[in-house]
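What follows is a short report on a single structure.
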Amino acid sequence: MKKIDAVQLAAFLGLVALTLILGALGFQYLARLPPCEMCMWQRYPHIAAAIIGIGGALLIRIGLVDRRAGRALVVITALLIAVSGALGVYHAGVEWHWWPGPTSCTGPAFQFQGTLDLTAPMVRCDAAAWRLFGLSLAGYNALISLGIAAGAFVLLARTKRTK
């Protein structure tokens with residue numbers, strides 16, 4: 001079996017993270033599903049993973065960073081993707097009411113009937129705006145992110161260490 005190149009794996013992980021961010025933005029702007037606070041928490045590690053994975057691989061390819069940094073690059077990128085997946089598990093659990101979420105975006109909605117327009121819909125973290133086969137976007141992020149991160153660590157274990 002051919003060994004996987006760590007630099008290529010880091011770039012691939014960065015592209016996966018970028019794809020997940022673009023998917024989230026597609027749901028936000030094309031499907032008009034605004035993100036809640038916890039949705040935003042899940043985006044930040046993916047953004048960092050995309051920058052580190054793709055940017056680090058490019059820096060190694062052009063020779064500004066030593067090739068031996070490839071394994072560390074994979075570990076950091078995969079860990080960031082796993083963090084987003086773990087946040088997705090937490091968020092999905094809040095949506096299913098398995099555990100409480102942050103009080104800033106869960107619980108009863110506040111409606112004000114004063115002179116300011118504060119009656120605009122509030123994006124709640126404990127109510128899934130979209131589901132497919134029972135899973136919300138947070139649930140899919142958890143499955144995809146944790147699966148990709150686990151796969152990356154398995155592949156990294158198979159890579160040949162650069163001496």
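Residues in the structure tokens are named by chain (A, B, ... in the order shown) and by number from 1 within that chain; ligands are numbered from 1 in the order shown.
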Excluding Ala17 (chain A) and its own-chain neighbours fewer than 6 positions away, which residues fall within 12 Å of it when counting only C-alpha atoms? Please give them as a CSV table (one decimal) with all heavy atoms, in the first residue's frame.
```csv
chain,number,residue,atom,x,y,z
A,10,ALA,N,-2.5,17.4,4.7
A,10,ALA,CA,-2.8,18.7,5.4
A,10,ALA,C,-3.6,19.6,4.4
A,10,ALA,O,-4.6,20.2,4.8
A,10,ALA,CB,-1.6,19.3,5.8
A,11,ALA,N,-3.2,19.6,3.1
A,11,ALA,CA,-3.9,20.4,2.1
A,11,ALA,C,-5.3,19.9,1.9
A,11,ALA,O,-6.3,20.7,1.9
A,11,ALA,CB,-3.1,20.4,0.8
A,23,GLY,N,-20.2,25.5,2.6
A,23,GLY,CA,-21.5,24.9,2.7
A,23,GLY,C,-22.4,25.6,3.7
A,23,GLY,O,-23.6,25.9,3.5
A,24,ALA,N,-21.8,26.0,4.9
A,24,ALA,CA,-22.5,26.7,5.9
A,24,ALA,C,-22.9,28.1,5.4
A,24,ALA,O,-24.0,28.5,5.6
A,24,ALA,CB,-21.6,26.9,7.1
A,42,GLN,N,-18.9,26.8,15.7
A,42,GLN,CA,-18.4,25.7,14.9
A,42,GLN,C,-17.6,26.1,13.7
A,42,GLN,O,-16.8,25.4,13.2
A,42,GLN,CB,-19.6,24.8,14.5
A,42,GLN,CG,-20.3,24.1,15.6
A,42,GLN,CD,-21.6,23.5,15.2
A,42,GLN,OE1,-21.6,22.5,14.5
A,42,GLN,NE2,-22.7,24.1,15.6
A,43,ARG,N,-17.9,27.3,13.2
A,43,ARG,CA,-17.2,27.8,12.0
A,43,ARG,C,-15.8,28.2,12.3
A,43,ARG,O,-14.9,28.1,11.4
A,43,ARG,CB,-18.0,29.0,11.5
A,43,ARG,CG,-19.3,28.7,10.9
A,43,ARG,CD,-20.0,29.9,10.3
A,43,ARG,NE,-21.4,29.5,9.9
A,43,ARG,CZ,-22.1,30.3,9.2
A,43,ARG,NH1,-21.7,31.5,8.8
A,43,ARG,NH2,-23.3,29.9,8.8
A,44,TYR,N,-15.5,28.8,13.4
A,44,TYR,CA,-14.2,29.3,13.7
A,44,TYR,C,-13.1,28.3,13.6
A,44,TYR,O,-12.0,28.6,13.0
A,44,TYR,CB,-14.1,30.1,15.1
A,44,TYR,CG,-15.1,31.2,15.2
A,44,TYR,CD1,-15.9,31.3,16.3
A,44,TYR,CD2,-15.3,32.1,14.2
A,44,TYR,CE1,-16.8,32.4,16.4
A,44,TYR,CE2,-16.2,33.2,14.3
A,44,TYR,CZ,-17.0,33.3,15.4
A,44,TYR,OH,-17.9,34.3,15.5
A,45,PRO,N,-13.2,27.1,14.2
A,45,PRO,CA,-12.1,26.1,14.0
A,45,PRO,C,-12.0,25.7,12.5
A,45,PRO,O,-10.9,25.4,12.1
A,45,PRO,CB,-12.6,24.9,14.9
A,45,PRO,CG,-13.6,25.4,15.8
A,45,PRO,CD,-14.2,26.6,15.1
A,46,HIS,N,-13.1,25.6,11.8
A,46,HIS,CA,-13.0,25.3,10.4
A,46,HIS,C,-12.2,26.3,9.6
A,46,HIS,O,-11.4,26.0,8.7
A,46,HIS,CB,-14.4,25.0,9.7
A,46,HIS,CG,-14.9,23.7,10.0
A,46,HIS,ND1,-14.3,22.5,9.8
A,46,HIS,CD2,-16.1,23.3,10.5
A,46,HIS,CE1,-15.0,21.5,10.2
A,46,HIS,NE2,-16.2,22.0,10.6
A,47,ILE,N,-12.5,27.6,9.9
A,47,ILE,CA,-11.7,28.7,9.2
A,47,ILE,C,-10.3,28.6,9.5
A,47,ILE,O,-9.4,28.6,8.6
A,47,ILE,CB,-12.3,30.0,9.7
A,47,ILE,CG1,-13.7,30.2,9.1
A,47,ILE,CG2,-11.4,31.2,9.2
A,47,ILE,CD1,-14.5,31.4,9.7
A,48,ALA,N,-9.9,28.3,10.8
A,48,ALA,CA,-8.5,28.2,11.2
A,48,ALA,C,-7.9,27.0,10.5
A,48,ALA,O,-6.8,27.0,10.0
A,48,ALA,CB,-8.4,28.1,12.7
A,49,ALA,N,-8.7,25.8,10.4
A,49,ALA,CA,-8.1,24.6,9.8
A,49,ALA,C,-7.9,24.8,8.3
A,49,ALA,O,-6.9,24.4,7.8
A,49,ALA,CB,-9.1,23.5,10.0
A,50,ALA,N,-8.8,25.6,7.7
A,50,ALA,CA,-8.6,25.9,6.2
A,50,ALA,C,-7.3,26.7,6.0
A,50,ALA,O,-6.5,26.4,5.1
A,50,ALA,CB,-9.8,26.6,5.7
A,51,ILE,N,-7.2,27.7,6.8
A,51,ILE,CA,-6.0,28.6,6.7
A,51,ILE,C,-4.7,27.8,7.0
A,51,ILE,O,-3.7,27.9,6.2
A,51,ILE,CB,-6.1,29.8,7.6
A,51,ILE,CG1,-7.2,30.7,7.1
A,51,ILE,CG2,-4.8,30.6,7.7
A,51,ILE,CD1,-7.6,31.8,8.1
A,52,ILE,N,-4.7,27.1,8.1
A,52,ILE,CA,-3.5,26.3,8.5
A,52,ILE,C,-3.2,25.2,7.5
A,52,ILE,O,-2.1,25.0,7.1
A,52,ILE,CB,-3.6,25.8,9.9
A,52,ILE,CG1,-3.6,27.0,10.9
A,52,ILE,CG2,-2.5,24.8,10.3
A,52,ILE,CD1,-3.9,26.7,12.3
A,53,GLY,N,-4.2,24.4,7.1
A,53,GLY,CA,-4.0,23.3,6.2
A,53,GLY,C,-3.5,23.7,4.9
A,53,GLY,O,-2.5,23.2,4.4
A,54,ILE,N,-4.3,24.6,4.2
A,54,ILE,CA,-4.0,25.0,2.9
A,54,ILE,C,-2.7,25.9,2.9
A,54,ILE,O,-1.8,25.7,2.1
A,54,ILE,CB,-5.1,25.7,2.2
A,54,ILE,CG1,-6.3,24.8,2.1
A,54,ILE,CG2,-4.8,26.3,0.9
A,54,ILE,CD1,-7.6,25.4,1.7
A,77,THR,N,-4.3,20.7,12.0
A,77,THR,CA,-5.5,20.8,11.1
A,77,THR,C,-6.6,19.8,11.5
A,77,THR,O,-7.8,20.2,11.7
A,77,THR,CB,-5.1,20.7,9.6
A,77,THR,OG1,-4.1,21.6,9.4
A,77,THR,CG2,-6.3,21.0,8.7
A,78,ALA,N,-6.2,18.6,11.7
A,78,ALA,CA,-7.2,17.6,12.1
A,78,ALA,C,-7.8,17.9,13.5
A,78,ALA,O,-9.0,17.7,13.7
A,78,ALA,CB,-6.6,16.2,12.1
A,79,LEU,N,-7.0,18.3,14.4
A,79,LEU,CA,-7.5,18.7,15.8
A,79,LEU,C,-8.5,19.8,15.7
A,79,LEU,O,-9.6,19.8,16.4
A,79,LEU,CB,-6.4,19.1,16.7
A,79,LEU,CG,-5.6,17.9,17.3
A,79,LEU,CD1,-4.4,18.4,18.1
A,79,LEU,CD2,-6.5,17.0,18.1
A,80,LEU,N,-8.3,20.8,14.8
A,80,LEU,CA,-9.2,21.9,14.7
A,80,LEU,C,-10.5,21.5,14.1
A,80,LEU,O,-11.6,21.9,14.5
A,80,LEU,CB,-8.6,23.0,13.8
A,80,LEU,CG,-7.5,23.9,14.5
A,80,LEU,CD1,-6.7,24.7,13.4
A,80,LEU,CD2,-8.2,24.8,15.5
A,81,ILE,N,-10.4,20.6,13.1
A,81,ILE,CA,-11.7,20.0,12.5
A,81,ILE,C,-12.4,19.2,13.6
A,81,ILE,O,-13.6,19.3,13.7
A,81,ILE,CB,-11.3,19.1,11.3
A,81,ILE,CG1,-10.9,20.1,10.2
A,81,ILE,CG2,-12.5,18.3,10.8
A,81,ILE,CD1,-10.3,19.4,9.0
A,82,ALA,N,-11.7,18.4,14.4
A,82,ALA,CA,-12.3,17.7,15.5
A,82,ALA,C,-13.0,18.6,16.5
A,82,ALA,O,-14.0,18.2,17.1
A,82,ALA,CB,-11.3,16.8,16.2
A,83,VAL,N,-12.4,19.7,16.8
A,83,VAL,CA,-13.0,20.7,17.8
A,83,VAL,C,-14.3,21.2,17.2
A,83,VAL,O,-15.3,21.2,18.0
A,83,VAL,CB,-12.0,21.9,18.0
A,83,VAL,CG1,-12.7,23.0,18.7
A,83,VAL,CG2,-10.8,21.4,18.9
A,84,SER,N,-14.4,21.5,15.9
A,84,SER,CA,-15.6,21.9,15.3
A,84,SER,C,-16.7,20.7,15.4
A,84,SER,O,-17.8,21.0,15.7
A,84,SER,CB,-15.4,22.3,13.9
A,84,SER,OG,-16.7,22.7,13.3
A,85,GLY,N,-16.2,19.5,15.2
A,85,GLY,CA,-17.1,18.4,15.3
A,85,GLY,C,-17.6,18.2,16.8
A,85,GLY,O,-18.8,17.9,17.0
A,141,ASN,N,-22.4,18.4,10.8
A,141,ASN,CA,-21.1,18.9,11.0
A,141,ASN,C,-20.3,17.9,12.0
A,141,ASN,O,-19.2,17.6,11.8
A,141,ASN,CB,-21.1,20.3,11.6
A,141,ASN,CG,-19.7,20.8,11.9
A,141,ASN,OD1,-18.8,20.7,11.0
A,141,ASN,ND2,-19.5,21.3,13.1
A,144,ILE,N,-19.5,14.6,10.0
A,144,ILE,CA,-18.5,14.8,9.0
A,144,ILE,C,-17.1,15.2,9.6
A,144,ILE,O,-16.1,14.6,9.3
A,144,ILE,CB,-18.9,15.9,8.0
A,144,ILE,CG1,-20.1,15.4,7.2
A,144,ILE,CG2,-17.8,16.3,7.0
A,144,ILE,CD1,-20.9,16.4,6.4
A,145,SER,N,-17.1,16.1,10.5
A,145,SER,CA,-15.9,16.6,11.1
A,145,SER,C,-15.2,15.6,11.9
A,145,SER,O,-13.9,15.4,11.7
A,145,SER,CB,-16.1,17.9,11.9
A,145,SER,OG,-16.6,18.9,11.1
A,146,LEU,N,-15.9,14.9,12.8
A,146,LEU,CA,-15.2,13.9,13.6
A,146,LEU,C,-14.8,12.7,12.7
A,146,LEU,O,-13.7,12.1,12.9
A,146,LEU,CB,-16.2,13.4,14.7
A,146,LEU,CG,-16.4,14.5,15.8
A,146,LEU,CD1,-17.5,14.0,16.8
A,146,LEU,CD2,-15.2,14.9,16.5
A,148,ILE,N,-13.9,12.8,9.5
A,148,ILE,CA,-12.7,13.3,8.7
A,148,ILE,C,-11.5,13.4,9.6
A,148,ILE,O,-10.4,12.9,9.2
A,148,ILE,CB,-13.0,14.7,8.0
A,148,ILE,CG1,-14.0,14.5,6.9
A,148,ILE,CG2,-11.7,15.3,7.6
A,148,ILE,CD1,-13.4,13.8,5.7
A,149,ALA,N,-11.6,13.9,10.8
A,149,ALA,CA,-10.5,14.0,11.7
A,149,ALA,C,-10.0,12.6,12.1
A,149,ALA,O,-8.8,12.4,12.1
A,149,ALA,CB,-10.9,14.8,13.0
```
Practice problem: Name the residues of region 1-118 of chain A that come out as alpha helix (DSSP H) in a backbone DSSP run; write them as an MDAnalysis selection string. | Solution: chainID A and resid 6:29 37:61 70:95
Exercise. Please provide the set of residues having any atom within 10 Å of Ala127 (chain A), restricted to only C-alpha atoms, with same-chain residues fewer than 4 positions apart removed, written as an NGL selection string.
Key: :A and (36 or 91-92 or 94-97 or 105-107 or 123 or 136)
Residues just named, written with all heavy atoms as an mmCIF file, in the first residue's frame:
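Generated output (selection.cif):
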```
data_model
loop_
_atom_site.group_PDB
_atom_site.id
_atom_site.type_symbol
_atom_site.label_atom_id
_atom_site.label_comp_id
_atom_site.auth_asym_id
_atom_site.auth_seq_id
_atom_site.Cartn_x
_atom_site.Cartn_y
_atom_site.Cartn_z
ATOM 1 N N CYS A 36 -27.017 30.611 14.385
ATOM 2 C CA CYS A 36 -27.126 31.019 15.782
ATOM 3 C C CYS A 36 -25.704 31.187 16.335
ATOM 4 O O CYS A 36 -24.718 30.959 15.632
ATOM 5 C CB CYS A 36 -27.906 29.972 16.581
ATOM 6 S SG CYS A 36 -27.015 28.415 16.795
ATOM 7 N N HIS A 91 -23.838 21.151 20.221
ATOM 8 C CA HIS A 91 -24.960 21.910 19.667
ATOM 9 C C HIS A 91 -26.133 20.993 19.331
ATOM 10 O O HIS A 91 -27.290 21.312 19.641
ATOM 11 C CB HIS A 91 -24.503 22.676 18.426
ATOM 12 C CG HIS A 91 -25.522 23.646 17.913
ATOM 13 N ND1 HIS A 91 -25.327 24.368 16.766
ATOM 14 C CD2 HIS A 91 -26.751 23.992 18.361
ATOM 15 C CE1 HIS A 91 -26.376 25.135 16.544
ATOM 16 N NE2 HIS A 91 -27.260 24.913 17.508
ATOM 17 N N ALA A 92 -25.868 19.855 18.733
ATOM 18 C CA ALA A 92 -26.942 18.914 18.408
ATOM 19 C C ALA A 92 -27.626 18.431 19.687
ATOM 20 O O ALA A 92 -28.861 18.285 19.723
ATOM 21 C CB ALA A 92 -26.389 17.731 17.611
ATOM 22 N N VAL A 94 -27.955 20.138 22.407
ATOM 23 C CA VAL A 94 -28.788 21.255 22.862
ATOM 24 C C VAL A 94 -30.078 21.288 22.043
ATOM 25 O O VAL A 94 -31.169 21.492 22.595
ATOM 26 C CB VAL A 94 -28.013 22.594 22.760
ATOM 27 C CG1 VAL A 94 -28.934 23.792 22.957
ATOM 28 C CG2 VAL A 94 -26.873 22.624 23.767
ATOM 29 N N GLU A 95 -29.963 21.063 20.741
ATOM 30 C CA GLU A 95 -31.162 21.045 19.884
ATOM 31 C C GLU A 95 -32.118 19.915 20.254
ATOM 32 O O GLU A 95 -33.330 20.080 20.171
ATOM 33 C CB GLU A 95 -30.760 20.913 18.413
ATOM 34 C CG GLU A 95 -30.061 22.131 17.861
ATOM 35 C CD GLU A 95 -29.509 21.922 16.472
ATOM 36 O OE1 GLU A 95 -29.311 20.756 16.047
ATOM 37 O OE2 GLU A 95 -29.268 22.929 15.793
ATOM 38 N N TRP A 96 -31.583 18.766 20.649
ATOM 39 C CA TRP A 96 -32.412 17.630 21.054
ATOM 40 C C TRP A 96 -32.826 17.736 22.517
ATOM 41 O O TRP A 96 -33.506 16.839 23.037
ATOM 42 C CB TRP A 96 -31.660 16.316 20.819
ATOM 43 C CG TRP A 96 -31.604 15.940 19.374
ATOM 44 C CD1 TRP A 96 -30.531 16.085 18.538
ATOM 45 C CD2 TRP A 96 -32.650 15.381 18.584
ATOM 46 N NE1 TRP A 96 -30.849 15.643 17.284
ATOM 47 C CE2 TRP A 96 -32.155 15.198 17.273
ATOM 48 C CE3 TRP A 96 -33.971 15.015 18.840
ATOM 49 C CZ2 TRP A 96 -32.908 14.679 16.241
ATOM 50 C CZ3 TRP A 96 -34.732 14.495 17.803
ATOM 51 C CH2 TRP A 96 -34.197 14.335 16.532
ATOM 52 N N HIS A 97 -32.393 18.799 23.206
ATOM 53 C CA HIS A 97 -32.715 19.042 24.613
ATOM 54 C C HIS A 97 -32.172 17.941 25.520
ATOM 55 O O HIS A 97 -32.772 17.598 26.527
ATOM 56 C CB HIS A 97 -34.228 19.249 24.810
ATOM 57 C CG HIS A 97 -34.768 20.340 23.943
ATOM 58 N ND1 HIS A 97 -34.546 21.674 24.211
ATOM 59 C CD2 HIS A 97 -35.488 20.298 22.794
ATOM 60 C CE1 HIS A 97 -35.110 22.405 23.267
ATOM 61 N NE2 HIS A 97 -35.690 21.601 22.392
ATOM 62 N N CYS A 105 -28.614 32.113 24.024
ATOM 63 C CA CYS A 105 -29.337 31.794 22.788
ATOM 64 C C CYS A 105 -30.287 30.606 22.940
ATOM 65 O O CYS A 105 -30.692 30.018 21.939
ATOM 66 C CB CYS A 105 -28.368 31.565 21.635
ATOM 67 S SG CYS A 105 -27.290 30.134 21.845
ATOM 68 N N THR A 106 -30.639 30.247 24.152
ATOM 69 C CA THR A 106 -31.593 29.162 24.361
ATOM 70 C C THR A 106 -32.687 29.640 25.309
ATOM 71 O O THR A 106 -32.570 30.686 25.943
ATOM 72 C CB THR A 106 -30.925 27.916 24.966
ATOM 73 O OG1 THR A 106 -30.331 28.258 26.205
ATOM 74 C CG2 THR A 106 -29.876 27.335 24.046
ATOM 75 N N GLY A 107 -33.729 28.866 25.406
ATOM 76 C CA GLY A 107 -34.829 29.201 26.301
ATOM 77 C C GLY A 107 -35.901 30.006 25.603
ATOM 78 O O GLY A 107 -35.911 30.120 24.373
ATOM 79 N N VAL A 123 -32.637 34.021 16.431
ATOM 80 C CA VAL A 123 -32.098 32.726 16.046
ATOM 81 C C VAL A 123 -31.695 32.008 17.319
ATOM 82 O O VAL A 123 -30.758 32.408 18.009
ATOM 83 C CB VAL A 123 -30.892 32.877 15.094
ATOM 84 C CG1 VAL A 123 -30.381 31.518 14.680
ATOM 85 C CG2 VAL A 123 -31.280 33.704 13.875
ATOM 86 N N SER A 136 -29.690 17.740 12.203
ATOM 87 C CA SER A 136 -29.573 19.159 11.867
ATOM 88 C C SER A 136 -28.209 19.416 11.233
ATOM 89 O O SER A 136 -27.376 18.511 11.124
ATOM 90 C CB SER A 136 -29.725 19.994 13.136
ATOM 91 O OG SER A 136 -28.632 19.736 13.996
#
```
Which residues, written as a PDB file with N, CA and C atoms, in the first residue's frame, have at least one atom at most 9 Å from region 70-74 of chain A, with only C-alpha atoms counted and residues fewer than 4 positions away on the same chain left out?
```pdb
ATOM      1  N   ASP A   5       1.280  11.128   1.752  1.00  0.00           N
ATOM      2  CA  ASP A   5       2.154  12.266   1.995  1.00  0.00           C
ATOM      3  C   ASP A   5       1.462  13.213   2.981  1.00  0.00           C
ATOM      4  N   ALA A   6       2.139  13.563   4.068  1.00  0.00           N
ATOM      5  CA  ALA A   6       1.554  14.397   5.112  1.00  0.00           C
ATOM      6  C   ALA A   6       1.175  15.783   4.591  1.00  0.00           C
ATOM      7  N   VAL A   7       1.972  16.340   3.705  1.00  0.00           N
ATOM      8  CA  VAL A   7       1.677  17.673   3.163  1.00  0.00           C
ATOM      9  C   VAL A   7       0.398  17.628   2.328  1.00  0.00           C
ATOM     10  N   GLN A   8       0.252  16.583   1.526  1.00  0.00           N
ATOM     11  CA  GLN A   8      -0.978  16.437   0.743  1.00  0.00           C
ATOM     12  C   GLN A   8      -2.181  16.233   1.651  1.00  0.00           C
ATOM     13  N   LEU A   9      -2.018  15.483   2.721  1.00  0.00           N
ATOM     14  CA  LEU A   9      -3.105  15.249   3.662  1.00  0.00           C
ATOM     15  C   LEU A   9      -3.504  16.550   4.354  1.00  0.00           C
ATOM     16  N   ALA A  10      -2.538  17.365   4.735  1.00  0.00           N
ATOM     17  CA  ALA A  10      -2.837  18.659   5.360  1.00  0.00           C
ATOM     18  C   ALA A  10      -3.617  19.553   4.399  1.00  0.00           C
ATOM     19  N   ALA A  11      -3.184  19.589   3.143  1.00  0.00           N
ATOM     20  CA  ALA A  11      -3.897  20.393   2.145  1.00  0.00           C
ATOM     21  C   ALA A  11      -5.317  19.873   1.945  1.00  0.00           C
ATOM     22  N   LEU A  13      -7.165  18.233   4.140  1.00  0.00           N
ATOM     23  CA  LEU A  13      -7.951  18.597   5.324  1.00  0.00           C
ATOM     24  C   LEU A  13      -8.350  20.069   5.287  1.00  0.00           C
ATOM     25  N   ILE A  52      -4.697  27.056   8.059  1.00  0.00           N
ATOM     26  CA  ILE A  52      -3.493  26.328   8.458  1.00  0.00           C
ATOM     27  C   ILE A  52      -3.197  25.184   7.497  1.00  0.00           C
ATOM     28  N   GLY A  53      -4.205  24.402   7.138  1.00  0.00           N
ATOM     29  CA  GLY A  53      -3.993  23.257   6.248  1.00  0.00           C
ATOM     30  C   GLY A  53      -3.541  23.662   4.859  1.00  0.00           C
ATOM     31  N   GLY A  56      -0.343  26.229   5.195  1.00  0.00           N
ATOM     32  CA  GLY A  56       0.860  25.507   5.601  1.00  0.00           C
ATOM     33  C   GLY A  56       1.397  24.617   4.499  1.00  0.00           C
ATOM     34  N   ALA A  57       0.496  23.922   3.804  1.00  0.00           N
ATOM     35  CA  ALA A  57       0.933  23.063   2.696  1.00  0.00           C
ATOM     36  C   ALA A  57       1.582  23.894   1.590  1.00  0.00           C
ATOM     37  N   ILE A  60       5.061  24.918   2.663  1.00  0.00           N
ATOM     38  CA  ILE A  60       5.995  23.789   2.543  1.00  0.00           C
ATOM     39  C   ILE A  60       6.340  23.565   1.073  1.00  0.00           C
ATOM     40  N   ASP A  66      10.048  23.889   6.383  1.00  0.00           N
ATOM     41  CA  ASP A  66      10.642  22.565   6.203  1.00  0.00           C
ATOM     42  C   ASP A  66       9.559  21.501   6.048  1.00  0.00           C
ATOM     43  N   ALA A  78      -6.247  18.583  11.748  1.00  0.00           N
ATOM     44  CA  ALA A  78      -7.232  17.569  12.132  1.00  0.00           C
ATOM     45  C   ALA A  78      -7.820  17.868  13.506  1.00  0.00           C
ATOM     46  N   LEU A  79      -7.004  18.348  14.434  1.00  0.00           N
ATOM     47  CA  LEU A  79      -7.525  18.704  15.760  1.00  0.00           C
ATOM     48  C   LEU A  79      -8.528  19.848  15.682  1.00  0.00           C
ATOM     49  N   ALA A 152      -8.109  11.163   9.229  1.00  0.00           N
ATOM     50  CA  ALA A 152      -6.803  11.816   9.075  1.00  0.00           C
ATOM     51  C   ALA A 152      -5.783  11.220  10.035  1.00  0.00           C
ATOM     52  N   PHE A 153      -6.204  10.947  11.264  1.00  0.00           N
ATOM     53  CA  PHE A 153      -5.261  10.364  12.232  1.00  0.00           C
ATOM     54  C   PHE A 153      -4.893   8.933  11.852  1.00  0.00           C
ATOM     55  N   LEU A 156      -2.496   9.369   9.003  1.00  0.00           N
ATOM     56  CA  LEU A 156      -1.229   9.898   9.498  1.00  0.00           C
ATOM     57  C   LEU A 156      -0.407   8.783  10.141  1.00  0.00           C
ATOM     58  N   THR A 159       1.611   7.117   7.490  1.00  0.00           N
ATOM     59  CA  THR A 159       2.618   7.875   6.733  1.00  0.00           C
ATOM     60  C   THR A 159       4.004   7.547   7.238  1.00  0.00           C
ATOM     61  N   ARG A 161       7.540   8.551   8.401  1.00  0.00           N
ATOM     62  CA  ARG A 161       8.167   9.707   9.037  1.00  0.00           C
ATOM     63  C   ARG A 161       9.356  10.179   8.197  1.00  0.00           C
ATOM     64  N   THR A 162       9.419  11.496   7.958  1.00  0.00           N
ATOM     65  CA  THR A 162      10.541  12.079   7.234  1.00  0.00           C
ATOM     66  C   THR A 162      11.707  12.242   8.193  1.00  0.00           C
TER      67      THR A 162
END
```
